[in-house]
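Take a look at the structure set out below.
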Amino acid sequence: MEVAFSDSFKKSFKKRIKATVIEAEFWLRLELFINNPYENKLKTHKLSGKLKGLHSFSIDNNPRVVLYFTKDNPVKAIFIDIGTHDEVY
């Protein structure tokens, strides 16, 4: 799975995650995601409501990554937000 980071994701990552204890866990979960986006540990799921059409996966208990899958061939995942449940939803 190819992954790209949107500008909004980069900004959120720098503000909310970088240089915290969660950063190391993010990189581990990213590796899992690249190998299998639906790995059970990630709890990847579709979102609804105002975020319909997007997906999310968990880094730990609370931090989440919001993303969408492109229709390209091969499919890519574009990460658009990262933060706590309340920050991203």
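Just so we're on the same page: first chain in the structure tokens is A, next is B, and so on; residues restart at 1 for each chain, and ligands are numbered from 1 in the order they show up.
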Which residues are close to segment 68-76 of chain A, i.e. within 7 Å by only C-alpha atoms, leaving aside same-chain residues fewer than 4 positions away? Reply as a ChimeraX atom specification. /A:1-3,54-55
Dump all heavy atoms for the selected residues as a PDB file, in the first residue's frame?
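The file below, part.pdb, is the result:
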ATOM      1  N   MET A   1       0.850  -1.177   0.000  1.00  0.00           N
ATOM      2  CA  MET A   1       0.000   0.000   0.000  1.00  0.00           C
ATOM      3  C   MET A   1       0.893   1.235   0.000  1.00  0.00           C
ATOM      4  O   MET A   1       1.781   1.361   0.829  1.00  0.00           O
ATOM      5  CB  MET A   1      -0.887  -0.021   1.236  1.00  0.00           C
ATOM      6  CG  MET A   1      -1.656   1.243   1.514  1.00  0.00           C
ATOM      7  SD  MET A   1      -2.968   1.703   0.372  1.00  0.00           S
ATOM      8  CE  MET A   1      -4.007   0.282   0.374  1.00  0.00           C
ATOM      9  N   GLU A   2       0.636   2.108  -0.938  1.00  0.00           N
ATOM     10  CA  GLU A   2       1.354   3.379  -0.984  1.00  0.00           C
ATOM     11  C   GLU A   2       0.585   4.395  -0.141  1.00  0.00           C
ATOM     12  O   GLU A   2      -0.644   4.448  -0.179  1.00  0.00           O
ATOM     13  CB  GLU A   2       1.464   3.859  -2.427  1.00  0.00           C
ATOM     14  CG  GLU A   2       2.353   5.069  -2.573  1.00  0.00           C
ATOM     15  CD  GLU A   2       2.554   5.467  -4.022  1.00  0.00           C
ATOM     16  OE1 GLU A   2       2.542   4.568  -4.890  1.00  0.00           O
ATOM     17  OE2 GLU A   2       2.711   6.662  -4.267  1.00  0.00           O
ATOM     18  N   VAL A   3       1.326   5.210   0.608  1.00  0.00           N
ATOM     19  CA  VAL A   3       0.732   6.196   1.505  1.00  0.00           C
ATOM     20  C   VAL A   3       1.287   7.573   1.177  1.00  0.00           C
ATOM     21  O   VAL A   3       2.472   7.712   0.885  1.00  0.00           O
ATOM     22  CB  VAL A   3       1.067   5.842   2.978  1.00  0.00           C
ATOM     23  CG1 VAL A   3       0.632   6.930   3.920  1.00  0.00           C
ATOM     24  CG2 VAL A   3       0.426   4.517   3.365  1.00  0.00           C
ATOM     25  N   LEU A  54     -14.656   8.639   4.237  1.00  0.00           N
ATOM     26  CA  LEU A  54     -13.311   8.552   4.809  1.00  0.00           C
ATOM     27  C   LEU A  54     -13.204   7.304   5.671  1.00  0.00           C
ATOM     28  O   LEU A  54     -14.205   6.670   6.014  1.00  0.00           O
ATOM     29  CB  LEU A  54     -13.010   9.794   5.649  1.00  0.00           C
ATOM     30  CG  LEU A  54     -13.077  11.136   4.919  1.00  0.00           C
ATOM     31  CD1 LEU A  54     -12.853  12.283   5.907  1.00  0.00           C
ATOM     32  CD2 LEU A  54     -12.068  11.194   3.792  1.00  0.00           C
ATOM     33  N   HIS A  55     -11.976   6.959   6.018  1.00  0.00           N
ATOM     34  CA  HIS A  55     -11.683   5.842   6.905  1.00  0.00           C
ATOM     35  C   HIS A  55     -10.830   6.351   8.062  1.00  0.00           C
ATOM     36  O   HIS A  55     -10.257   7.431   7.986  1.00  0.00           O
ATOM     37  CB  HIS A  55     -10.915   4.748   6.161  1.00  0.00           C
ATOM     38  CG  HIS A  55     -11.724   4.012   5.169  1.00  0.00           C
ATOM     39  ND1 HIS A  55     -12.093   4.548   3.956  1.00  0.00           N
ATOM     40  CD2 HIS A  55     -12.232   2.762   5.198  1.00  0.00           C
ATOM     41  CE1 HIS A  55     -12.798   3.656   3.289  1.00  0.00           C
ATOM     42  NE2 HIS A  55     -12.891   2.563   4.016  1.00  0.00           N
TER      43      HIS A  55
END
Restrict the calculation to only C-alpha atoms, then for each residue of segment 6-29 of chain A with any atom at most 12 Å from an atom of segment 38-53 of chain A give the closest atom pair and their distance in Å to one decimal, rows by chain and rising residue number, as a tab-separated table.
residue	atom	partner	partner_atom	distance
A:Glu25	CA	A:Leu42	CA	11.5
A:Phe26	CA	A:Leu42	CA	10.7
A:Leu28	CA	A:Leu42	CA	10.7
A:Arg29	CA	A:Leu42	CA	7.2
Please return, as a VMD selection string, all residues of chain A that DSSP assigns to strand (DSSP E or B) on the basis of the backbone. chain A and resid 2 to 5 45 to 46 55 to 58 64 to 69 76 to 83
